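Colleague: Provided below: entry_30.txt, containing compact mmCIF, C-alpha atoms.
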# COMPACT_ATOMS: atom_id res chain seq x y z
CA MET A 270 111.07 102.04 95.36
CA TYR A 271 108.69 104.69 94.06
CA LEU A 272 107.70 107.24 96.71
CA GLY A 273 105.24 110.11 96.26
CA VAL A 274 101.87 111.57 97.16
CA PRO A 275 98.76 110.54 95.17
CA GLY A 276 98.81 112.11 91.72
CA SER A 277 102.59 112.54 91.67
CA GLY A 278 103.07 109.93 88.94
CA LYS A 279 104.20 106.80 90.82
CA SER A 280 102.12 104.33 88.80
CA PHE A 281 103.00 106.07 85.53
CA ALA A 282 106.72 105.87 86.29
CA ALA A 283 106.46 102.19 87.26
CA LYS A 284 104.51 101.35 84.10
CA ARG A 285 107.15 103.15 82.06
CA GLU A 286 109.82 100.89 83.53
CA LEU A 287 107.59 97.84 83.13
CA LEU A 288 107.11 98.63 79.43
CA ASN A 289 110.85 99.19 78.94
CA VAL A 290 111.59 95.80 80.54
CA PHE A 291 108.99 94.14 78.31
CA LEU A 292 110.44 95.65 75.12
CA ALA A 293 114.16 95.40 75.93
CA THR A 294 114.41 91.98 77.63
CA THR A 295 112.88 88.53 77.72
CA ASP A 296 112.45 88.67 81.52
CA LYS A 297 109.15 87.81 83.16
CA ILE A 298 107.01 90.46 84.88
CA ILE A 299 104.54 90.17 87.78
CA VAL A 300 102.34 93.01 89.05
CA VAL A 301 100.39 92.99 92.31
CA ASP A 302 97.69 95.58 91.60
CA PRO A 303 95.31 96.38 94.48
CA MET A 304 93.58 99.23 92.61
CA GLY A 305 93.12 97.69 89.15
CA GLU A 306 95.25 100.31 87.37
CA TYR A 307 97.51 98.07 85.28
CA SER A 308 95.01 95.85 83.44
CA PRO A 309 94.72 97.88 80.19
CA LEU A 310 98.51 97.93 79.73
CA ILE A 311 98.97 94.23 80.58
CA GLU A 312 96.16 93.21 78.22
CA ARG A 313 97.70 95.33 75.42
CA MET A 314 101.01 93.53 76.01
CA GLY A 315 99.25 90.17 75.64
CA GLY A 316 99.74 89.29 79.30
CA GLN A 317 97.48 87.47 81.75
CA VAL A 318 95.25 89.64 83.94
CA VAL A 319 93.96 87.67 86.94
CA GLU A 320 90.94 89.33 88.51
CA ILE A 321 90.66 88.14 92.09
CA ALA A 322 87.12 88.68 93.40
CA PRO A 323 84.32 86.68 95.06
CA ASN A 324 82.36 86.50 91.79
CA SER A 325 85.34 86.20 89.44
CA LEU A 326 85.83 83.29 87.06
CA HIS A 327 89.57 83.51 87.74
CA HIS A 328 90.90 81.41 90.60
CA ILE A 329 94.23 81.14 92.39
CA ASN A 330 94.76 78.19 94.71
CA PRO A 331 96.83 79.43 97.70
CA LEU A 332 97.93 75.85 98.40
CA ASP A 333 99.64 75.44 95.02
CA ILE A 334 103.15 74.13 95.60
CA ILE A 335 106.05 73.72 93.22
CA LYS A 336 108.03 70.57 93.78
CA THR A 337 111.72 71.08 94.51
CA VAL A 338 113.03 72.75 91.38
CA THR A 339 116.78 72.35 91.98
CA PRO A 340 118.67 69.78 94.06
CA ASN A 341 119.89 72.39 96.55
CA ASP A 342 116.74 74.50 96.65
CA GLU A 343 114.71 75.27 99.77
CA ASN A 344 112.41 72.58 101.09
CA PRO A 345 109.06 73.41 99.43
CA MET A 346 107.18 71.84 102.33
CA ALA A 347 108.90 74.08 104.90
CA LEU A 348 108.15 77.25 102.92
CA LYS A 349 104.53 76.26 102.32
CA SER A 350 104.07 75.33 105.97
CA ASP A 351 105.34 78.78 106.98
CA PHE A 352 102.88 80.41 104.59
CA ILE A 353 99.92 78.34 105.83
CA LEU A 354 100.82 79.19 109.44
CA SER A 355 100.76 82.88 108.53
CA PHE A 356 97.48 82.41 106.65
CA CYS A 357 95.84 80.64 109.62
CA GLU A 358 97.13 83.28 112.01
CA LEU A 359 95.40 85.92 109.90
CA ILE A 360 92.05 84.12 109.78
CA VAL A 361 92.04 83.18 113.48
CA ALA A 362 93.00 86.79 114.28
CA GLY A 363 93.33 86.25 118.01
CA LYS A 364 95.03 88.87 120.16
CA ASP A 365 97.90 86.51 120.94
CA GLY A 366 97.98 84.81 117.55
CA LEU A 367 98.26 81.04 117.17
CA GLN A 368 99.04 79.02 120.27
CA PRO A 369 101.84 76.38 120.24
CA ILE A 370 99.30 73.51 120.10
CA GLU A 371 97.55 75.11 117.14
CA ARG A 372 100.85 75.62 115.31
CA THR A 373 101.75 71.98 115.86
CA ILE A 374 98.36 70.83 114.56
CA ILE A 375 98.70 72.98 111.43
CA ASP A 376 102.20 71.70 110.75
CA ARG A 377 100.98 68.11 111.11
CA CYS A 378 98.04 68.74 108.79
CA VAL A 379 100.26 70.38 106.16
CA ARG A 380 102.50 67.30 106.06
CA LEU A 381 99.43 65.08 105.67
CA LEU A 382 98.00 67.45 103.06
CA TYR A 383 100.99 67.21 100.70
CA ARG A 384 102.16 63.69 101.48
CA ASP A 385 100.59 62.01 98.46
CA TYR A 386 101.13 64.91 96.06
CA LEU A 387 104.86 65.35 96.80
CA TYR A 388 105.98 61.83 97.50
CA SER A 389 103.76 59.53 95.43
CA ASP A 390 105.00 58.08 92.16
CA LYS A 391 101.59 58.72 90.59
CA ASN A 392 101.25 61.77 88.35
CA ASN A 393 97.47 62.13 88.54
CA ILE A 394 97.18 63.22 92.18
CA PRO A 395 95.43 66.61 92.28
CA MET A 396 96.88 69.69 93.95
CA PRO A 397 95.47 70.14 97.50
CA THR A 398 93.02 72.99 98.12
CA LEU A 399 91.64 74.78 101.18
CA GLN A 400 88.78 72.25 101.16
CA ASP A 401 91.33 69.48 101.69
CA LEU A 402 92.99 71.39 104.52
CA TYR A 403 89.59 71.93 106.13
CA ASN A 404 88.76 68.22 105.86
CA ILE A 405 92.04 67.18 107.48
CA LEU A 406 91.56 69.66 110.32
CA CYS A 407 88.09 68.21 110.95
CA GLU A 408 89.61 64.74 111.24
CA GLN A 409 91.97 65.73 114.06
CA GLU A 410 91.00 64.87 117.63
CA GLU A 411 92.13 68.05 119.42
CA PRO A 412 89.51 70.74 120.18
CA GLU A 413 91.99 73.32 118.87
CA ALA A 414 91.76 71.66 115.45
CA LYS A 415 87.97 72.07 115.49
CA ARG A 416 88.43 75.75 116.31
CA LEU A 417 90.79 76.19 113.37
CA ALA A 418 88.39 74.35 111.07
CA VAL A 419 85.49 76.60 112.08
CA ALA A 420 87.62 79.71 111.49
CA LEU A 421 88.59 78.38 108.04
CA GLU A 422 85.04 77.42 107.04
CA ILE A 423 84.01 80.87 105.76
CA TYR A 424 86.97 80.77 103.33
CA VAL A 425 86.09 77.27 102.12
CA SER A 426 82.34 77.13 101.74
CA GLY A 427 81.21 80.53 103.05
CA SER A 428 80.91 84.00 101.55
CA LEU A 429 84.70 84.53 101.37
CA ASN A 430 85.51 81.39 99.38
CA ALA A 431 87.35 83.14 96.51
CA PHE A 432 90.51 81.13 97.24
CA SER A 433 88.93 77.69 97.73
CA TYR A 434 89.23 76.56 94.09
CA GLU A 435 91.96 75.05 91.94
CA THR A 436 94.04 77.49 89.89
CA ASN A 437 92.48 77.95 86.44
CA VAL A 438 94.51 80.83 84.93
CA ASN A 439 97.66 80.87 82.81
CA LEU A 440 100.54 81.50 85.18
CA ASP A 441 103.02 80.61 82.42
CA SER A 442 102.37 83.95 80.71
CA ARG A 443 105.40 86.22 80.45
CA VAL A 444 103.46 89.09 82.06
CA ILE A 445 101.01 88.50 84.92
CA CYS A 446 98.83 91.12 86.61
CA LEU A 447 97.09 90.19 89.86
CA ASP A 448 94.12 92.57 90.00
CA LEU A 449 92.64 92.86 93.51
CA LYS A 450 90.41 95.89 92.95
CA GLN A 451 87.10 94.07 93.47
CA LEU A 452 88.06 92.52 96.80
CA GLY A 453 86.42 93.81 99.96
CA ALA A 454 88.18 94.53 103.22
CA GLY A 455 87.42 91.01 104.49
CA LEU A 456 89.64 89.43 101.85
CA LYS A 457 92.16 92.08 100.77
CA THR A 458 94.69 91.56 103.58
CA ILE A 459 94.57 87.79 103.14
CA ALA A 460 94.79 88.22 99.36
CA MET A 461 97.94 90.32 99.71
CA LEU A 462 99.54 87.54 101.75
CA ILE A 463 98.52 84.94 99.16
CA MET A 464 99.86 87.09 96.32
CA GLN A 465 103.25 87.33 98.02
CA ASP A 466 103.42 83.57 98.26
CA LEU A 467 102.39 83.26 94.61
CA VAL A 468 105.07 85.75 93.56
CA TRP A 469 107.69 83.77 95.49
CA SER A 470 106.65 80.52 93.80
CA GLN A 471 106.76 82.07 90.33
CA VAL A 472 110.13 83.74 90.94
CA SER A 473 111.59 80.46 92.24
CA ARG A 474 110.41 78.59 89.17
CA ASN A 475 111.73 81.28 86.83
CA PHE A 476 115.10 81.28 88.61
CA ALA A 477 115.37 77.50 88.21
CA GLU A 478 114.81 78.00 84.47
CA GLY A 479 117.43 80.76 84.24
CA ILE A 480 114.84 83.55 83.82
CA ALA A 481 114.94 86.87 85.67
CA THR A 482 111.71 88.33 87.10
CA TRP A 483 110.58 91.90 87.70
CA CYS A 484 107.90 92.36 90.38
CA PHE A 485 105.88 95.50 90.99
CA PHE A 486 103.94 95.87 94.25
CA ASP A 487 101.58 98.86 93.99
CA GLU A 488 100.01 100.38 97.13
CA PHE A 489 102.83 98.74 99.10
CA HIS A 490 101.69 100.34 102.36
CA MET A 491 98.74 97.93 102.36
CA LEU A 492 101.19 95.09 103.00
CA LEU A 493 102.69 96.95 105.94
CA LYS A 494 99.47 97.77 107.81
CA ASP A 495 99.16 94.34 109.36
CA GLU A 496 102.09 93.17 111.49
CA LEU A 497 101.88 89.62 110.19
CA THR A 498 101.76 90.47 106.47
CA ALA A 499 104.52 93.04 107.01
CA SER A 500 106.78 90.44 108.62
CA TYR A 501 106.08 87.91 105.85
CA CYS A 502 106.69 90.65 103.27
CA VAL A 503 110.14 91.45 104.69
CA THR A 504 111.07 87.76 104.59
CA ILE A 505 109.91 87.33 100.99
CA TRP A 506 111.55 90.61 99.91
CA LYS A 507 114.97 89.43 101.07
CA MET A 508 114.58 86.06 99.34
CA LEU A 509 113.35 87.55 96.04
CA ARG A 510 116.63 89.36 95.42
CA LYS A 511 118.55 86.11 95.84
CA LYS A 512 116.43 84.55 93.09
CA GLY A 513 117.31 86.92 90.26
CA CYS A 514 114.30 89.13 90.93
CA VAL A 515 114.05 92.92 90.81
CA PRO A 516 111.27 93.81 93.28
CA SER A 517 109.79 97.31 93.15
CA ALA A 518 107.41 98.87 95.68
CA LEU A 519 105.15 101.89 95.20
CA THR A 520 103.88 103.76 98.24
CA GLN A 521 102.89 107.19 99.42
CA ASN A 522 103.48 106.64 103.13
CA VAL A 523 107.15 106.81 104.04
CA LYS A 524 106.21 106.50 107.71
CA ASP A 525 104.98 102.94 107.07
CA LEU A 526 108.47 102.04 105.87
CA LEU A 527 109.89 103.14 109.21
CA ALA A 528 107.29 101.36 111.36
CA SER A 529 109.93 98.90 112.55
CA ARG A 530 113.64 98.34 112.14
CA GLU A 531 112.87 95.22 110.11
CA ILE A 532 110.67 97.05 107.58
CA GLU A 533 113.13 99.93 107.44
CA ASN A 534 115.66 97.52 105.96
CA ILE A 535 113.56 97.35 102.78
CA LEU A 536 114.07 101.08 102.25
CA GLU A 537 117.75 100.99 103.19
CA ASN A 538 118.47 98.02 100.90
CA SER A 539 116.72 99.52 97.87
CA ASP A 540 119.42 100.44 95.34
CA PHE A 541 117.19 102.61 93.17
CA LEU A 542 114.69 105.19 94.46
CA VAL A 543 112.28 107.37 92.52
CA LEU A 544 111.16 110.30 94.69
CA LEU A 545 108.22 112.26 93.36
CA SER A 546 106.30 115.05 95.12
CA GLN A 547 106.37 114.46 98.89
CA ALA A 548 104.17 115.58 101.76
CA GLN A 549 105.89 117.92 104.23
CA GLY A 550 106.29 115.33 106.99
CA ASP A 551 107.70 112.77 104.57
CA ARG A 552 110.17 115.30 103.14
CA GLN A 553 111.74 115.77 106.56
CA ILE A 554 111.94 112.02 107.14
CA LEU A 555 113.55 111.41 103.75
CA ALA A 556 115.98 114.29 104.24
CA LYS A 557 117.21 112.63 107.43
CA GLN A 558 117.22 109.06 106.08
CA LEU A 559 118.82 109.82 102.71
CA GLY A 560 120.86 112.91 103.51
CA ILE A 561 118.95 115.11 101.05
CA SER A 562 119.96 118.79 101.00
CA GLU A 563 117.47 121.66 101.14
CA HIS A 564 118.16 122.40 97.48
CA GLN A 565 117.49 118.79 96.48
CA LEU A 566 114.28 118.79 98.55
CA SER A 567 112.98 121.63 96.38
CA TYR A 568 112.62 119.11 93.52
CA VAL A 569 110.06 117.09 95.53
CA THR A 570 108.28 120.05 97.15
CA HIS A 571 104.94 120.84 95.46
CA SER A 572 106.41 119.47 92.23
CA ASN A 573 104.28 118.61 89.22
CA SER A 574 103.38 115.07 88.23
CA GLY A 575 106.39 113.29 86.74
CA GLU A 576 108.99 115.51 88.42
CA GLY A 577 111.33 114.52 91.21
CA LEU A 578 114.65 112.93 92.15
CA LEU A 579 116.35 109.68 91.15
CA PHE A 580 118.63 108.01 93.70
CA PHE A 581 121.06 105.35 92.52
CA GLY A 582 123.89 104.45 94.89
CA ASN A 583 125.61 107.72 95.73
CA THR A 584 124.19 109.52 92.72
CA THR A 585 121.19 111.88 92.94
CA ILE A 586 119.66 113.28 89.75
CA PRO A 587 116.65 115.63 89.38
CA PHE A 588 114.36 114.68 86.51
CA VAL A 589 111.33 115.91 84.59
CA ASP A 590 109.31 113.40 82.55
CA ARG A 591 107.19 114.93 79.80
CA PHE A 592 105.73 111.86 78.11
CA PRO A 593 104.10 112.54 74.71
CA GLN A 594 100.37 112.02 74.27
CA GLY A 595 99.37 108.98 72.24
CA GLU A 596 98.36 105.33 72.51
CA ILE A 597 101.12 104.43 74.98
CA TYR A 598 100.36 107.46 77.16
CA SER A 599 96.68 106.45 77.24
CA LEU A 600 97.67 102.97 78.46
CA LEU A 601 99.91 104.33 81.20
CA THR A 602 97.88 107.19 82.63
CA THR A 603 95.33 106.94 85.44
CA ARG A 604 94.71 110.69 85.80
CA PRO A 605 90.94 111.28 85.98
CA GLU A 606 91.09 114.14 83.46
CA ASP A 607 92.91 111.94 80.94
CA LEU A 608 90.44 109.11 81.40
CA ALA A 609 87.48 111.46 81.06
CA ARG A 610 88.95 112.85 77.84
CA ALA A 611 89.36 109.29 76.52
CA GLY A 612 85.74 108.52 77.24
CA GLY A 613 86.37 106.61 80.49
CA VAL A 614 87.48 103.44 78.78
CA GLN A 615 90.11 102.67 81.38
CA LYS A 616 89.65 101.59 84.98
CA ILE A 617 90.68 103.98 87.70
Rewrite the structure from the file as structure tokens, please.
Modeller:
Amino acid sequence: MYLGVPGSGKSFAAKRELLNVFLATTDKIIVVDPMGEYSPLIERMGGQVVEIAPNSLHHINPLDIIKTVTPNDENPMALKSDFILSFCELIVAGKDGLQPIERTIIDRCVRLLYRDYLYSDKNNIPMPTLQDLYNILCEQEEPEAKRLAVALEIYVSGSLNAFSYETNVNLDSRVICLDLKQLGAGLKTIAMLIMQDLVWSQVSRNFAEGIATWCFFDEFHMLLKDELTASYCVTIWKMLRKKGCVPSALTQNVKDLLASREIENILENSDFLVLLSQAQGDRQILAKQLGISEHQLSYVTHSNSGEGLLFFGNTTIPFVDRFPQGEIYSLLTTRPEDLARAGGVQKI
């Protein structure tokens, strides 16, 4: 985990590690980038930048499913059904969430949705999309199914239909950046849920092929704002580590990590922490959680960008990172003054 106030150097430190992994290993790398800060680096590395936006030419199908990749692997239908239930709960957005009848209808429709694709001997059956899910919901007799179909309609044929198409980007690339900067508030929460499911699918496939994966979730607090996406995030986070994945989260709000005992486990189970400059309230929380002394706290109190503490197991090390100016620095930095000096060629 990378923890620090804005401007403390979280993204820079994560990109440094990302670049080291790229140069020193053959592992795959996935970045979930809500602010569009990683694209220049990923493009320079020859990776695939996927710009998710209503008017983008790039499309990710949230109903993509990978057939069972190993004999003893999880049931792909069960995992996808759980994701679609979470997705529908977000779009219905009722105070009490989905009712038991609605959950049963969704589960039935998911089984119908993937029946031909997963169990047919034919190889030319297309991957289901949200349009197919909508059509199956419309065919059900229950009034609850009609309600679900109406709620889904805006994401299929309405103004928020960014995820209603078949996937048309290269997800086989060694480095993938999922750029969500252009998404409005109406889609960003749903997009974060979809990106988690995509990450899980990619990590599972890589694991089956004997490939390790490094995942970087920037602006991690956005996943924790909504109770549903937070719960799904905790579930995915635990499973990622079992699949040869090194997940990393970047956030400025330590309080979000302590919102519930379940989310707190993510912080407690993180073996490697990078603490950069901390706000006063967060310093006190971290001192209590991590047992940081007053002297150690001085390294994250009004510290400069790139200065802080490294935690690894029982070892705590203060550090100062003075990265030399040059092409690599220009690809890593998102400081406004650096971008202005470079002529504003990078996104911020």
Colleague: Work out how far apart atom CA of Ala477 of chain A and atom CA of Lys511 of chain A are and give it in Å to one decimal.
Modeller: 11.9 Å
Colleague: Counting all atoms listed in the file, which residues of segment 317-430 of chain A sit at most 9 Å from some atom of segment 437-442 of chain A, and what is each one's closest atom pair with its distance in Å to one decimal, listed by chain and rising residue number, as CSV?
Modeller:
residue,atom,partner,partner_atom,distance
A:Gln317,CA,A:Ser442,CA,6.1
A:Val318,CA,A:Val438,CA,8.9
A:Val319,CA,A:Val438,CA,7.2
A:Leu326,CA,A:Asn437,CA,8.6
A:His327,CA,A:Val438,CA,6.3
A:His328,CA,A:Asn437,CA,5.6
A:Ile329,CA,A:Asn437,CA,7.0
A:Asn330,CA,A:Asn437,CA,8.6
Colleague: Residues near Glu358 of chain A, anyone? I mean within 9 Å using all atoms listed in the file, not counting same-chain ones fewer than 5 positions away, as a PyMOL selection string.
Modeller: chain A and resi 353+363+366-367+497
Colleague: From the set A:Glu496, A:Ile554, A:Asn538, A:Trp483, which residue has the shortest atom-to-atom contact distance to Lys524 of chain A, counting all atoms listed in the file?
Modeller: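 Checking each of A:Glu496, A:Ile554, A:Asn538, A:Trp483 against Lys524 of chain A, counting all atoms listed in the file, the winner is A:Ile554.
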Colleague: With distances taken over all atoms listed in the file, which residue among A:Leu542, A:Ala420, A:Leu402, A:Val468 lies nearest Leu359 of chain A?
Modeller: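 For Leu359 of chain A, the nearest of the candidates is A:Ala420.
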Colleague: Choose the residue, out of A:Arg443, A:Lys557, A:Arg510, A:Lys279, that has the smallest atom-to-atom separation from Glu306 of chain A; count all atoms listed in the file.
Modeller: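 Closest residue, counting all atoms listed in the file: A:Lys279.
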Colleague: Would you pick out the contacts of Phe541 of chain A at 12 Å or less, using all atoms listed in the file, so that residues sharing its chain but fewer than 2 positions from it are not included, and give the list as a PyMOL selection string?
Modeller: chain A and resi 270-272+515-518+535-539+543-544+578-586
Colleague: Between atom CA of Glu606 of chain A and atom CA of Gly550 of chain A, what is the distance in Å, rounded to a tenth?
Modeller: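 The value is 28.0 Å.
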Colleague: Kindly indicate which residue among A:Thr602, A:Gln565, A:Ser500, A:Gln549 lies nearest to Glu533 of chain A, using all atoms listed in the file for the distances.
Modeller: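 Closest residue, counting all atoms listed in the file: A:Ser500.
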Colleague: Around all the atoms of segment 515-525 of chain A listed in the file, draw an axis-aligned box and extend it by 5 Å on each of the six sides; I want its centre and edge lengths in Å to one decimal, as JSON.
Modeller:
{"center_x": 108.5, "center_y": 100.1, "center_z": 99.3, "size_x": 21.2, "size_y": 24.3, "size_z": 26.9}
Colleague: Once you count only C-alpha atoms, which residues end up no further than 12 Å from (84.9, 75.7, 112.1) in the file's frame, shown as a list in words?
Modeller: Ile360, Val361, Leu402, Tyr403, Asn404, Leu406, Cys407, Glu408, Pro412, Glu413, Ala414, Lys415, Arg416, Leu417, Ala418, Val419, Ala420, Leu421, Glu422, Ile423, Tyr424, Val425, Ser426 and Gly427 of chain A
Colleague: Mind giving me the straight-line distance from atom CA of Asp401 of chain A to atom CA of Ile370 of chain A in Å, one decimal?
Modeller: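 One can read the atom CA of Asp401 of chain A to atom CA of Ile370 of chain A distance as 20.5 Å.
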Colleague: What lies within 10 Å of Phe432 of chain A using all atoms listed in the file, ignoring chain neighbours under 2 positions off, as number ranges by chain?
Modeller: A: 321-323, 327-332, 398-400, 424-425, 429-430, 434-436, 456, 459-460, 463
Colleague: For those residues, write C-alpha atoms to a file as a JSON list (two decimals), in the coordinates of the input.
Modeller:
[["chain", "number", "residue", "atom", "x", "y", "z"],
["A", 321, "ILE", "CA", 90.66, 88.14, 92.09],
["A", 322, "ALA", "CA", 87.12, 88.68, 93.40],
["A", 323, "PRO", "CA", 84.32, 86.68, 95.06],
["A", 327, "HIS", "CA", 89.57, 83.51, 87.74],
["A", 328, "HIS", "CA", 90.90, 81.41, 90.60],
["A", 329, "ILE", "CA", 94.23, 81.14, 92.39],
["A", 330, "ASN", "CA", 94.76, 78.19, 94.71],
["A", 331, "PRO", "CA", 96.83, 79.43, 97.70],
["A", 332, "LEU", "CA", 97.93, 75.85, 98.40],
["A", 398, "THR", "CA", 93.02, 72.99, 98.12],
["A", 399, "LEU", "CA", 91.64, 74.78, 101.18],
["A", 400, "GLN", "CA", 88.78, 72.25, 101.16],
["A", 424, "TYR", "CA", 86.97, 80.77, 103.33],
["A", 425, "VAL", "CA", 86.09, 77.27, 102.12],
["A", 429, "LEU", "CA", 84.70, 84.53, 101.37],
["A", 430, "ASN", "CA", 85.51, 81.39, 99.38],
["A", 434, "TYR", "CA", 89.23, 76.56, 94.09],
["A", 435, "GLU", "CA", 91.96, 75.05, 91.94],
["A", 436, "THR", "CA", 94.04, 77.49, 89.89],
["A", 456, "LEU", "CA", 89.64, 89.43, 101.85],
["A", 459, "ILE", "CA", 94.57, 87.79, 103.14],
["A", 460, "ALA", "CA", 94.79, 88.22, 99.36],
["A", 463, "ILE", "CA", 98.52, 84.94, 99.16]]
